[in-house]
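Enquirer: Got my_file-v8.tsv for you, TSV, C-alpha atoms and all ligand atoms:
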```
chain	number	residue	atom	x	y	z
A	23	MET	CA	-25.30	-122.99	-152.29
A	24	PRO	CA	-24.42	-126.67	-151.63
A	25	SER	CA	-27.21	-129.19	-151.07
A	26	PRO	CA	-28.97	-128.93	-147.69
A	27	LEU	CA	-27.57	-130.74	-144.66
A	28	ASP	CA	-29.65	-133.64	-143.36
A	29	LEU	CA	-30.31	-132.96	-139.69
A	30	VAL	CA	-31.70	-135.07	-136.86
A	31	ILE	CA	-32.82	-133.28	-133.70
A	32	LEU	CA	-33.11	-135.08	-130.37
A	33	GLY	CA	-35.02	-133.21	-127.69
A	34	SER	CA	-36.80	-131.16	-130.36
A	35	THR	CA	-39.45	-129.73	-128.01
A	36	GLY	CA	-36.91	-128.48	-125.44
A	37	SER	CA	-35.17	-125.12	-125.36
A	38	ILE	CA	-32.25	-126.13	-127.63
A	39	GLY	CA	-34.45	-128.07	-130.08
A	40	VAL	CA	-36.96	-125.26	-130.50
A	41	GLN	CA	-34.19	-122.71	-131.16
A	42	ALA	CA	-32.52	-125.05	-133.64
A	43	LEU	CA	-35.77	-125.38	-135.57
A	44	GLU	CA	-36.09	-121.58	-135.65
A	45	ILE	CA	-32.62	-121.48	-137.27
A	46	VAL	CA	-33.72	-124.16	-139.75
A	47	GLU	CA	-36.91	-122.25	-140.53
A	48	ALA	CA	-34.91	-119.08	-141.20
A	49	ASN	CA	-32.48	-121.01	-143.45
A	50	PRO	CA	-34.63	-123.51	-145.39
A	51	GLU	CA	-32.04	-123.83	-148.18
A	52	ARG	CA	-29.38	-125.03	-145.72
A	53	PHE	CA	-31.12	-127.78	-143.75
A	54	ARG	CA	-33.52	-130.67	-144.13
A	55	ILE	CA	-34.94	-132.35	-141.01
A	56	VAL	CA	-34.79	-136.13	-141.45
A	57	GLY	CA	-35.78	-137.16	-137.92
A	58	LEU	CA	-37.05	-135.72	-134.65
A	59	ALA	CA	-37.23	-137.20	-131.17
A	60	ALA	CA	-38.76	-135.83	-127.99
A	61	GLY	CA	-40.06	-137.00	-124.63
A	62	SER	CA	-43.63	-137.27	-123.48
A	63	LYS	CA	-44.26	-133.74	-122.24
A	64	ASN	CA	-45.49	-131.98	-125.36
A	65	PRO	CA	-46.82	-134.30	-128.13
A	66	GLU	CA	-48.75	-131.41	-129.72
A	67	LEU	CA	-45.57	-129.41	-130.28
A	68	LEU	CA	-43.68	-132.47	-131.56
A	69	ALA	CA	-46.49	-133.16	-134.05
A	70	GLU	CA	-46.57	-129.52	-135.13
A	71	GLN	CA	-42.79	-129.58	-135.72
A	72	ALA	CA	-42.96	-132.81	-137.69
A	73	LYS	CA	-45.70	-131.42	-139.95
A	74	LYS	CA	-44.08	-128.04	-140.44
A	75	PHE	CA	-40.74	-129.52	-141.54
A	76	ALA	CA	-42.24	-132.56	-143.34
A	77	VAL	CA	-40.21	-134.92	-141.15
A	78	PRO	CA	-40.42	-138.57	-142.31
A	79	ILE	CA	-39.83	-140.23	-138.91
A	80	VAL	CA	-40.46	-139.21	-135.33
A	81	GLY	CA	-39.47	-140.88	-132.05
A	82	THR	CA	-41.06	-140.36	-128.65
A	83	THR	CA	-40.94	-141.82	-125.18
A	84	GLY	CA	-44.56	-140.68	-124.87
A	85	ASP	CA	-47.84	-142.05	-126.19
A	86	ARG	CA	-47.38	-143.39	-129.74
A	87	ALA	CA	-51.10	-143.67	-130.49
A	88	ARG	CA	-51.64	-140.06	-129.49
A	89	LEU	CA	-48.82	-138.89	-131.75
A	90	ILE	CA	-50.10	-140.97	-134.67
A	91	SER	CA	-53.55	-139.44	-134.22
A	92	LEU	CA	-51.97	-135.98	-134.42
A	93	LEU	CA	-49.65	-136.81	-137.33
A	94	GLY	CA	-51.42	-139.07	-139.78
A	95	ASN	CA	-49.00	-140.70	-142.19
A	96	THR	CA	-45.63	-140.00	-140.50
A	97	GLN	CA	-43.68	-142.99	-139.19
A	98	VAL	CA	-43.66	-142.95	-135.36
A	99	ILE	CA	-41.46	-145.08	-133.12
A	100	ASP	CA	-41.72	-145.14	-129.35
A	101	GLY	CA	-40.17	-146.67	-126.26
A	102	SER	CA	-37.04	-146.02	-124.24
A	103	GLU	CA	-34.78	-146.66	-127.26
A	104	ALA	CA	-36.67	-144.30	-129.60
A	105	ALA	CA	-34.15	-141.46	-129.35
A	106	SER	CA	-31.24	-143.85	-129.97
A	107	GLN	CA	-32.99	-145.27	-133.05
A	108	ILE	CA	-33.62	-141.78	-134.44
A	109	ALA	CA	-29.99	-140.84	-133.61
A	110	ALA	CA	-28.76	-143.74	-135.75
A	111	ILE	CA	-30.44	-142.51	-138.95
A	112	ALA	CA	-27.62	-141.78	-141.39
A	113	CYS	CA	-27.40	-137.98	-141.72
A	114	ASP	CA	-24.96	-135.07	-141.74
A	115	VAL	CA	-25.48	-133.89	-138.15
A	116	VAL	CA	-27.40	-135.15	-135.11
A	117	LEU	CA	-28.19	-132.35	-132.67
A	118	ASN	CA	-28.52	-133.81	-129.19
A	119	GLY	CA	-30.53	-131.26	-127.21
A	120	MET	CA	-31.83	-133.73	-124.64
A	121	ALA	CA	-31.60	-132.88	-120.94
A	122	GLY	CA	-29.84	-135.20	-118.50
A	123	SER	CA	-27.68	-138.28	-118.77
A	124	ILE	CA	-30.41	-140.20	-120.63
A	125	GLY	CA	-28.84	-138.38	-123.59
A	126	LEU	CA	-25.71	-140.56	-123.42
A	127	GLY	CA	-27.20	-143.64	-125.15
A	128	PRO	CA	-28.47	-141.63	-128.14
A	129	THR	CA	-25.11	-139.81	-128.42
A	130	LEU	CA	-23.28	-143.16	-128.60
A	131	ALA	CA	-25.87	-144.53	-131.06
A	132	ALA	CA	-25.28	-141.57	-133.39
A	133	LEU	CA	-21.48	-141.84	-133.14
A	134	ALA	CA	-21.52	-145.61	-133.71
A	135	VAL	CA	-23.00	-145.23	-137.19
A	136	GLY	CA	-20.55	-142.44	-138.08
A	137	ASN	CA	-22.86	-139.47	-137.65
A	138	LYS	CA	-21.47	-136.14	-136.50
A	139	VAL	CA	-23.00	-135.02	-133.22
A	140	ALA	CA	-23.71	-131.40	-132.34
A	141	LEU	CA	-23.65	-131.98	-128.61
A	142	ALA	CA	-25.74	-129.78	-126.34
A	143	ASN	CA	-26.23	-132.67	-123.91
A	144	LYS	CA	-23.22	-132.07	-121.63
A	145	GLU	CA	-24.23	-135.02	-119.45
A	146	SER	CA	-23.17	-137.34	-122.29
A	147	LEU	CA	-19.60	-136.25	-121.63
A	148	VAL	CA	-19.84	-135.98	-117.87
A	149	ALA	CA	-21.35	-139.44	-117.43
A	150	GLY	CA	-19.64	-141.20	-120.33
A	151	GLY	CA	-16.75	-139.02	-121.44
A	152	ASP	CA	-14.36	-141.89	-122.15
A	153	LEU	CA	-17.00	-143.78	-124.15
A	154	VAL	CA	-17.97	-140.73	-126.21
A	155	MET	CA	-14.46	-139.52	-126.95
A	156	ALA	CA	-13.34	-143.00	-127.98
A	157	TYR	CA	-15.06	-142.20	-131.30
A	158	GLY	CA	-12.60	-139.37	-131.86
A	159	ARG	CA	-12.72	-135.62	-131.74
A	160	ASP	CA	-13.79	-135.13	-135.37
A	161	GLN	CA	-17.29	-136.47	-134.79
A	162	ILE	CA	-18.26	-134.14	-131.95
A	163	ILE	CA	-19.05	-130.43	-132.20
A	164	PRO	CA	-19.88	-128.72	-128.90
A	165	VAL	CA	-23.08	-126.66	-128.59
A	166	ASP	CA	-22.65	-125.60	-124.97
A	167	SER	CA	-21.82	-121.89	-125.38
A	168	GLU	CA	-18.58	-122.08	-123.35
A	169	HIS	CA	-17.31	-125.08	-125.26
A	170	SER	CA	-18.34	-123.67	-128.61
A	171	ALA	CA	-16.29	-120.63	-127.61
A	172	LEU	CA	-13.30	-122.80	-126.66
A	173	TYR	CA	-13.61	-124.73	-129.95
A	174	GLN	CA	-13.45	-121.41	-131.82
A	175	CYS	CA	-10.58	-120.03	-129.67
A	176	PHE	CA	-8.55	-123.21	-130.19
A	177	LEU	CA	-8.46	-122.42	-133.92
A	178	SER	CA	-6.02	-119.61	-133.03
A	179	GLY	CA	-3.15	-121.88	-132.00
A	180	LYS	CA	-1.82	-125.40	-131.62
A	181	ALA	CA	-2.86	-127.73	-128.80
A	182	SER	CA	0.76	-127.77	-127.58
A	183	GLU	CA	0.64	-123.97	-127.27
A	184	VAL	CA	-2.33	-123.89	-124.87
A	185	LYS	CA	-1.43	-122.69	-121.36
A	186	GLN	CA	-4.93	-122.90	-119.89
A	187	VAL	CA	-8.60	-122.56	-120.76
A	188	ILE	CA	-10.88	-120.17	-118.89
A	189	LEU	CA	-14.59	-120.95	-118.73
A	190	THR	CA	-16.83	-118.01	-117.94
A	191	ALA	CA	-19.80	-118.29	-115.59
A	192	SER	CA	-22.56	-115.71	-115.20
A	193	GLY	CA	-22.65	-116.53	-111.50
A	194	GLY	CA	-26.40	-117.06	-111.72
A	195	PRO	CA	-29.04	-115.08	-109.81
A	196	PHE	CA	-27.25	-115.43	-106.43
A	197	ARG	CA	-23.79	-114.28	-107.47
A	198	ASP	CA	-23.74	-111.52	-104.85
A	199	ARG	CA	-26.10	-113.03	-102.31
A	200	LEU	CA	-24.36	-113.99	-99.08
A	201	ASP	CA	-27.13	-116.07	-97.52
A	202	LEU	CA	-28.23	-118.96	-99.74
A	203	SER	CA	-30.41	-120.65	-97.11
A	204	ASP	CA	-33.89	-119.28	-97.93
A	205	ILE	CA	-34.02	-119.36	-101.73
A	206	SER	CA	-37.33	-120.24	-103.41
A	207	VAL	CA	-37.78	-122.26	-106.61
A	208	ALA	CA	-39.04	-119.12	-108.38
A	209	ASP	CA	-35.90	-117.18	-107.30
A	210	ALA	CA	-33.64	-119.92	-108.59
A	211	LEU	CA	-35.48	-120.18	-111.92
A	212	ASN	CA	-35.04	-116.45	-112.55
A	213	HIS	CA	-31.69	-116.33	-114.38
A	214	PRO	CA	-30.26	-112.83	-114.97
A	215	THR	CA	-28.75	-113.30	-118.45
A	216	TRP	CA	-29.66	-116.67	-119.99
A	217	ASN	CA	-33.08	-118.08	-120.82
A	218	MET	CA	-32.78	-121.90	-120.56
A	219	GLY	CA	-34.58	-125.05	-119.45
A	220	PRO	CA	-35.34	-125.50	-115.71
A	221	VAL	CA	-32.58	-128.02	-114.86
A	222	VAL	CA	-29.78	-125.99	-116.47
A	223	THR	CA	-31.15	-122.86	-114.80
A	224	ILE	CA	-31.01	-124.44	-111.34
A	225	ASN	CA	-27.54	-125.82	-112.17
A	226	SER	CA	-26.48	-122.27	-113.04
A	227	ALA	CA	-27.75	-120.97	-109.70
A	228	THR	CA	-25.75	-123.57	-107.73
A	229	LEU	CA	-22.81	-123.25	-110.18
A	230	MET	CA	-23.13	-127.03	-110.55
A	231	ASN	CA	-23.44	-126.23	-114.26
A	232	LYS	CA	-19.91	-124.80	-114.27
A	233	GLY	CA	-18.67	-127.90	-112.49
A	234	LEU	CA	-20.26	-130.12	-115.14
A	235	GLU	CA	-18.75	-127.90	-117.84
A	236	ILE	CA	-15.22	-128.25	-116.40
A	237	ILE	CA	-15.60	-132.03	-116.76
A	238	GLU	CA	-17.11	-131.54	-120.22
A	239	ALA	CA	-14.12	-129.42	-121.29
A	240	HIS	CA	-11.67	-132.00	-119.97
A	241	TYR	CA	-13.11	-134.72	-122.17
A	242	LEU	CA	-13.90	-132.61	-125.24
A	243	PHE	CA	-10.47	-131.05	-125.57
A	244	ASP	CA	-8.32	-133.61	-123.72
A	245	ILE	CA	-7.06	-130.96	-121.27
A	246	PRO	CA	-5.89	-131.85	-117.75
A	247	TYR	CA	-8.02	-130.38	-114.94
A	248	SER	CA	-5.02	-128.35	-113.75
A	249	LYS	CA	-5.30	-126.31	-116.98
A	250	ILE	CA	-9.04	-125.60	-116.71
A	251	THR	CA	-10.24	-122.67	-114.67
A	252	ALA	CA	-13.56	-120.83	-114.36
A	253	VAL	CA	-14.27	-117.17	-113.62
A	254	ILE	CA	-17.39	-115.14	-112.93
A	255	HIS	CA	-18.39	-112.88	-115.81
A	256	PRO	CA	-21.83	-111.46	-115.02
A	257	GLN	CA	-22.53	-110.03	-118.50
A	258	SER	CA	-22.28	-113.47	-120.21
A	259	VAL	CA	-20.87	-111.90	-123.38
A	260	VAL	CA	-17.40	-113.45	-123.34
A	261	HIS	CA	-18.30	-117.13	-123.58
A	262	SER	CA	-14.87	-118.54	-122.72
A	263	MET	CA	-11.19	-117.99	-123.43
A	264	VAL	CA	-7.99	-119.82	-124.26
A	265	GLU	CA	-4.68	-118.54	-122.91
A	266	PHE	CA	-1.65	-119.50	-124.99
A	267	ILE	CA	1.93	-119.99	-123.80
A	268	ASP	CA	3.06	-116.66	-125.25
A	269	GLY	CA	0.78	-114.81	-122.81
A	270	SER	CA	-1.93	-114.09	-125.38
A	271	THR	CA	-5.57	-114.80	-124.48
A	272	VAL	CA	-8.16	-115.39	-127.22
A	273	ALA	CA	-11.83	-114.86	-126.33
A	274	GLN	CA	-15.08	-115.49	-128.18
A	275	ALA	CA	-17.80	-112.89	-127.55
A	276	SER	CA	-21.43	-112.32	-128.53
A	277	PRO	CA	-24.56	-111.32	-126.60
A	278	PRO	CA	-25.97	-114.29	-124.66
A	279	ASN	CA	-28.12	-116.27	-127.09
A	280	MET	CA	-27.81	-120.00	-127.78
A	281	LYS	CA	-28.60	-119.53	-131.48
A	282	GLY	CA	-24.98	-118.61	-132.16
A	283	PRO	CA	-23.45	-121.86	-130.90
A	284	ILE	CA	-26.38	-123.96	-132.17
A	285	ALA	CA	-26.06	-122.56	-135.71
A	286	TYR	CA	-22.27	-122.96	-135.70
A	287	ALA	CA	-22.57	-126.61	-134.66
A	288	ILE	CA	-25.50	-127.80	-136.81
A	289	SER	CA	-23.92	-126.26	-139.89
A	290	GLY	CA	-20.72	-128.25	-139.29
A	291	THR	CA	-18.81	-125.20	-137.92
A	292	ASN	CA	-19.84	-122.80	-140.67
A	293	ARG	CA	-20.94	-119.22	-140.05
A	294	ILE	CA	-24.63	-118.71	-140.84
A	295	PRO	CA	-25.42	-115.05	-141.59
A	296	LYS	CA	-27.31	-113.33	-138.74
A	297	ALA	CA	-27.44	-116.48	-136.61
A	298	THR	CA	-27.33	-114.23	-133.56
A	299	ALA	CA	-27.27	-110.49	-132.91
A	300	PRO	CA	-23.71	-109.13	-132.71
A	301	ILE	CA	-22.37	-106.80	-130.01
A	302	ASP	CA	-23.56	-103.22	-130.58
A	303	TRP	CA	-20.32	-101.21	-130.58
A	304	SER	CA	-22.19	-97.89	-130.86
A	305	LYS	CA	-23.00	-98.34	-127.16
A	306	SER	CA	-20.75	-98.48	-124.08
A	307	HIS	CA	-20.04	-101.85	-122.52
A	308	SER	CA	-18.36	-102.96	-119.32
A	309	TRP	CA	-17.15	-106.51	-118.98
A	310	GLU	CA	-16.27	-107.71	-115.48
A	311	PHE	CA	-14.38	-110.82	-114.46
A	312	SER	CA	-13.80	-112.12	-110.95
A	313	PRO	CA	-12.75	-115.39	-109.27
A	314	ILE	CA	-15.41	-117.82	-108.06
A	315	ASP	CA	-16.08	-117.79	-104.30
A	316	SER	CA	-15.74	-121.51	-103.69
A	317	ALA	CA	-16.91	-121.22	-100.07
A	318	ARG	CA	-20.36	-120.03	-101.18
A	319	PHE	CA	-20.38	-122.17	-104.32
A	320	PRO	CA	-18.69	-125.49	-103.41
A	321	ALA	CA	-20.11	-127.28	-106.47
A	322	VAL	CA	-17.22	-126.24	-108.71
A	323	ASP	CA	-14.48	-127.71	-106.52
A	324	LEU	CA	-16.56	-130.83	-105.92
A	325	ALA	CA	-16.94	-131.37	-109.67
A	326	ARG	CA	-13.24	-130.86	-110.20
A	327	ARG	CA	-12.40	-133.46	-107.52
A	328	CYS	CA	-14.79	-135.97	-109.09
A	329	GLY	CA	-13.35	-135.25	-112.51
A	330	GLU	CA	-9.77	-135.72	-111.35
A	331	LEU	CA	-10.59	-139.05	-109.71
A	332	GLY	CA	-12.39	-140.05	-112.92
A	333	GLY	CA	-13.86	-143.49	-113.52
A	334	GLY	CA	-17.50	-143.55	-112.48
A	335	LEU	CA	-17.33	-140.53	-110.17
A	336	PRO	CA	-18.42	-137.86	-112.67
A	337	ALA	CA	-21.46	-140.04	-113.52
A	338	ILE	CA	-22.22	-140.47	-109.80
A	339	PHE	CA	-21.84	-136.72	-109.28
A	340	ASN	CA	-24.18	-135.89	-112.15
A	341	ALA	CA	-26.85	-138.47	-111.28
A	342	ALA	CA	-26.97	-137.33	-107.66
A	343	ASN	CA	-27.38	-133.77	-108.87
A	344	GLU	CA	-30.26	-134.76	-111.16
A	345	VAL	CA	-32.04	-136.33	-108.17
A	346	ALA	CA	-31.32	-133.34	-105.91
A	347	VAL	CA	-32.43	-130.74	-108.47
A	348	GLU	CA	-35.70	-132.59	-109.05
A	349	ALA	CA	-36.24	-132.77	-105.28
A	350	PHE	CA	-35.63	-129.02	-104.99
A	351	LEU	CA	-38.02	-128.24	-107.88
A	352	ASN	CA	-40.64	-130.41	-106.14
A	353	GLY	CA	-40.19	-128.52	-102.88
A	354	LEU	CA	-38.68	-131.48	-100.98
A	355	ILE	CA	-35.32	-129.93	-100.11
A	356	SER	CA	-33.85	-126.45	-99.80
A	357	PHE	CA	-31.55	-124.84	-102.34
A	358	ALA	CA	-28.47	-125.24	-100.14
A	359	GLN	CA	-29.20	-128.96	-99.70
A	360	ILE	CA	-28.73	-129.64	-103.43
A	361	VAL	CA	-24.94	-129.52	-103.25
A	362	ASP	CA	-24.94	-131.15	-99.78
A	363	ILE	CA	-26.77	-134.17	-101.15
A	364	VAL	CA	-24.46	-134.46	-104.15
A	365	ASP	CA	-21.40	-134.16	-101.88
A	366	ALA	CA	-22.72	-136.79	-99.45
A	367	THR	CA	-23.58	-139.18	-102.29
A	368	VAL	CA	-20.11	-138.82	-103.79
A	369	GLN	CA	-18.53	-139.43	-100.37
A	370	LYS	CA	-20.61	-142.56	-99.80
A	371	LEU	CA	-19.88	-144.06	-103.21
A	372	GLY	CA	-16.48	-142.61	-104.03
A	373	GLY	CA	-14.56	-143.80	-100.98
A	374	ASN	CA	-13.28	-146.81	-102.85
A	375	SER	CA	-10.94	-146.51	-105.81
A	376	PRO	CA	-12.76	-145.19	-108.88
A	377	ILE	CA	-14.72	-147.74	-110.84
A	378	SER	CA	-13.60	-147.95	-114.45
A	379	ILE	CA	-16.22	-147.28	-117.11
A	380	THR	CA	-16.09	-149.39	-120.27
A	381	SER	CA	-19.72	-149.56	-121.40
A	382	LEU	CA	-23.08	-147.85	-121.25
A	383	ALA	CA	-24.15	-150.58	-118.81
A	384	ASP	CA	-21.30	-149.55	-116.46
A	385	VAL	CA	-22.56	-145.96	-116.54
A	386	SER	CA	-26.14	-147.08	-115.86
A	387	ALA	CA	-24.98	-149.18	-112.92
A	388	VAL	CA	-23.07	-146.41	-111.14
A	389	GLU	CA	-25.84	-143.94	-111.91
A	390	ASN	CA	-28.38	-146.31	-110.43
A	391	ASP	CA	-26.33	-146.62	-107.21
A	392	SER	CA	-26.03	-142.86	-107.08
A	393	ARG	CA	-29.78	-142.26	-107.56
A	394	ILE	CA	-30.60	-144.72	-104.77
A	395	ILE	CA	-28.24	-143.04	-102.29
A	396	ALA	CA	-29.26	-139.51	-103.31
A	397	THR	CA	-32.96	-140.40	-103.01
A	398	GLN	CA	-32.36	-141.84	-99.52
A	399	LEU	CA	-30.58	-138.62	-98.53
A	400	VAL	CA	-33.48	-136.53	-99.85
A	401	GLN	CA	-35.91	-138.61	-97.74
A	402	GLU	CA	-33.73	-138.14	-94.64
A	403	ARG	CA	-33.43	-134.38	-95.05
A	404	LYS	CA	-36.81	-133.24	-96.29
B	501	MG	MG	-22.93	-123.53	-120.85
```
What is this structure when it is put down as structure tokens?
Ligand code: MG

Expert:
Amino acid sequence: MPSPLDLVILGSTGSIGVQALEIVEANPERFRIVGLAAGSKNPELLAEQAKKFAVPIVGTTGDRARLISLLGNTQVIDGSEAASQIAAIACDVVLNGMAGSIGLGPTLAALAVGNKVALANKESLVAGGDLVMAYGRDQIIPVDSEHSALYQCFLSGKASEVKQVILTASGGPFRDRLDLSDISVADALNHPTWNMGPVVTINSATLMNKGLEIIEAHYLFDIPYSKITAVIHPQSVVHSMVEFIDGSTVAQASPPNMKGPIAYAISGTNRIPKATAPIDWSKSHSWEFSPIDSARFPAVDLARRCGELGGGLPAIFNAANEVAVEAFLNGLISFAQIVDIVDATVQKLGGNSPISITSLADVSAVENDSRIIATQLVQERK
């Protein structure tokens, strides 16, 4: 067994971070945690993680004094740059499991010092795809299950032989529901196949998540939007597919569980034994696939349009969605208004030719504009 990989985990108390640490705990000979970062929501869990894995340095946007009182002699850094500072610790892999486009700065900080990034924070690519990919494809390993699947499928052929990529979408809890006007927060948080954080779960219900993932795939694999499609696959077992020019389609399949893609990415694309349960072939299975009904789920086409126009529009699209999802979770707007508000924000800000994005400050500026407009629209509609 080679020496353990030094791992940094950003967003360690969230869904992805917690599952990554379970993989590390089950494979202590493979990994060593050299830094953790998390927000302010759960300092007790962050402290428990740091103690359990004997982590030398911890970053938080929360209360530093509180964390020190829980931790004793561990180094603690705080403030808005804490995650970026932890991300820049020289290591083998930085897992970015943060939620939202605040993950972009830490992703860039990790890449800038030459660290590999296991990227679960899709917003890094949606909001700052050009900035992230400027570091080159070798430094980024996708964790998003669809993109992990595509990464694995791409190993079957050459880039020039790819005809199209097909992202699968569970369709969320409202796949077959015709009337989306009276959906409660509890309904929307009840995902049929995946167990995830609240924002991703709402994004799955609107299919906004699939829209974000189309943009993510475009940047990650340098594929034009015309070659990226998405289909409904309610069982969430086939995680995505690549169709090659000879008519062959390669799929990656496993029961829905993020531990598979997390383990594959944090190990530097190695196969960790029993990372996730395999398909049970002693039982019968039916896998269904169907096109997305874009009239009921307009988020996918909207994302594609923003992606094709490029520049700052994907960042505007994502930031407006973050505002709208929060407003929905707080009971300020209805489920159907989420996509309306994103669409209206994009129309207000995207009428001019796309703004080019050359720095993190550019991203912050367009996001800020987007949040202001989206917040105004929430106030008008609530
Ligand atoms: Mg996904």

Enquirer: All residues within 7 Å of ligand MG 501 (chain B) are required, counting only C-alpha atoms and all ligand atoms; please report them as a list in words.

Expert: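 Every residue with an atom at most 7 Å from ligand MG 501 (chain B) is listed here: Asp166, Ser167, Glu168 and Glu235 of chain A.
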
Enquirer: Pick out the closest residue to Val116 of chain A from this set: A:Thr129, A:Ser258, A:Ser192, A:Ser356. Count only C-alpha atoms.

Expert: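 Among the listed residues, the smallest separation from Val116 of chain A belongs to A:Thr129.
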
Enquirer: Contacts between segment 33-55 of chain A and segment 90-194 of chain A, please, where a residue of segment 90-194 of chain A counts if it comes within 12 Å (with all atoms listed in the file); show its shortest atom pair and distance in Å to one decimal, rows by chain and ascending number, as JSON lines.

Expert:
```
{"residue": "A:Ala104", "atom": "CA", "partner": "A:Gly33", "partner_atom": "CA", "distance": 11.4}
{"residue": "A:Ala105", "atom": "CA", "partner": "A:Gly33", "partner_atom": "CA", "distance": 8.5}
{"residue": "A:Ser106", "atom": "CA", "partner": "A:Gly33", "partner_atom": "CA", "distance": 11.5}
{"residue": "A:Ile108", "atom": "CA", "partner": "A:Gly33", "partner_atom": "CA", "distance": 11.0}
{"residue": "A:Ala109", "atom": "CA", "partner": "A:Gly33", "partner_atom": "CA", "distance": 10.9}
{"residue": "A:Ile111", "atom": "CA", "partner": "A:Ile55", "partner_atom": "CA", "distance": 11.3}
{"residue": "A:Ala112", "atom": "CA", "partner": "A:Ile55", "partner_atom": "CA", "distance": 11.9}
{"residue": "A:Cys113", "atom": "CA", "partner": "A:Ile55", "partner_atom": "CA", "distance": 9.4}
{"residue": "A:Asp114", "atom": "CA", "partner": "A:Phe53", "partner_atom": "CA", "distance": 9.8}
{"residue": "A:Val115", "atom": "CA", "partner": "A:Ile55", "partner_atom": "CA", "distance": 10.0}
{"residue": "A:Val116", "atom": "CA", "partner": "A:Ile55", "partner_atom": "CA", "distance": 10.0}
{"residue": "A:Leu117", "atom": "CA", "partner": "A:Gly39", "partner_atom": "CA", "distance": 8.0}
{"residue": "A:Asn118", "atom": "CA", "partner": "A:Gly33", "partner_atom": "CA", "distance": 6.7}
{"residue": "A:Gly119", "atom": "CA", "partner": "A:Gly33", "partner_atom": "CA", "distance": 4.9}
{"residue": "A:Met120", "atom": "CA", "partner": "A:Gly33", "partner_atom": "CA", "distance": 4.4}
{"residue": "A:Ala121", "atom": "CA", "partner": "A:Gly33", "partner_atom": "CA", "distance": 7.6}
{"residue": "A:Gly122", "atom": "CA", "partner": "A:Gly33", "partner_atom": "CA", "distance": 10.7}
{"residue": "A:Ile124", "atom": "CA", "partner": "A:Gly33", "partner_atom": "CA", "distance": 11.0}
{"residue": "A:Gly125", "atom": "CA", "partner": "A:Gly33", "partner_atom": "CA", "distance": 9.0}
{"residue": "A:Pro128", "atom": "CA", "partner": "A:Gly33", "partner_atom": "CA", "distance": 10.7}
{"residue": "A:Thr129", "atom": "CA", "partner": "A:Gly33", "partner_atom": "CA", "distance": 11.9}
{"residue": "A:Ala140", "atom": "CA", "partner": "A:Ala42", "partner_atom": "CA", "distance": 10.9}
{"residue": "A:Leu141", "atom": "CA", "partner": "A:Ile38", "partner_atom": "CA", "distance": 10.4}
{"residue": "A:Ala142", "atom": "CA", "partner": "A:Ile38", "partner_atom": "CA", "distance": 7.6}
{"residue": "A:Asn143", "atom": "CA", "partner": "A:Gly33", "partner_atom": "CA", "distance": 9.6}
{"residue": "A:Val165", "atom": "CA", "partner": "A:Ile38", "partner_atom": "CA", "distance": 9.2}
{"residue": "A:Asp166", "atom": "CA", "partner": "A:Ile38", "partner_atom": "CA", "distance": 10.0}
{"residue": "A:Ser167", "atom": "CA", "partner": "A:Ile38", "partner_atom": "CA", "distance": 11.5}
```

Enquirer: Just want the 10 Å neighbourhood of Cys328 of chain A, counted on all atoms listed in the file, with same-chain residues fewer than 3 positions away dropped. Output as a count of residues only.

Expert: 19

Enquirer: What does the distance from atom CA of Phe311 of chain A to atom CA of Val260 of chain A come to in Å, to one decimal?

Expert: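 A separation of 9.7 Å between them.
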
Enquirer: Mind checking which residues fall within 12 Å of Ser206 of chain A, counting only C-alpha atoms, ignoring those fewer than 2 positions away in the same chain, and posting them as a ChimeraX atom specification?

Expert: /A:195-196,202-204,208-212,224,227,350-358

Enquirer: Which is closest to Ile301 of chain A among A:Val388, A:Asn279, A:Phe266, A:Ser248, if we use all atoms listed in the file?

Expert: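 The closest residue to Ile301 of chain A is A:Asn279.
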
Enquirer: So, counting only C-alpha atoms, which residue among A:Glu70, A:Pro78, A:Asp315, A:Pro278 is closest to Arg199 of chain A?

Expert: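 Smallest separation from Arg199 of chain A among the options: A:Asp315.
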
Enquirer: In Å, with one decimal, what is the gap from atom CA of Asn137 of chain A to atom CA of Ala287 of chain A?

Expert: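 One can read the atom CA of Asn137 of chain A to atom CA of Ala287 of chain A distance as 13.2 Å.
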
Enquirer: What does the distance from atom CA of Glu389 of chain A to atom CA of Glu344 of chain A come to in Å, to one decimal?

Expert: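 We find that atom CA of Glu389 of chain A and atom CA of Glu344 of chain A lie 10.2 Å from each other.
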
Enquirer: At a cut-off of 9 Å, using all atoms listed in the file, what residues contact Glu238 of chain A? Leave out same-chain residues fewer than 5 positions from it and give the result as number ranges by chain.

Expert: A: 144-148, 151, 169, 233, 243

Enquirer: I want to know what sits within 9 Å of Phe176 of chain A, based on all atoms listed in the file, with residues of the same chain fewer than 5 positions away left out; could you give that as a list of chain:residue names?

Expert: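 Close residues of Phe176 of chain A: A:Ala171, A:Ala181, A:Val184, A:Met263, A:Val264, A:Val272.
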
Enquirer: Those same residues, written as a short mmCIF file (atom, residue, chain, number, x, y, z; two decimals), in the frame of the given file with C-alpha atoms?

Expert:
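Contents of again.cif, freshly written:
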```
data_model
loop_
_atom_site.label_atom_id
_atom_site.label_comp_id
_atom_site.auth_asym_id
_atom_site.auth_seq_id
_atom_site.Cartn_x
_atom_site.Cartn_y
_atom_site.Cartn_z
CA ALA A 171 -16.29 -120.63 -127.61
CA ALA A 181 -2.86 -127.73 -128.80
CA VAL A 184 -2.33 -123.89 -124.87
CA MET A 263 -11.19 -117.99 -123.43
CA VAL A 264 -7.99 -119.82 -124.26
CA VAL A 272 -8.16 -115.39 -127.22
#
```
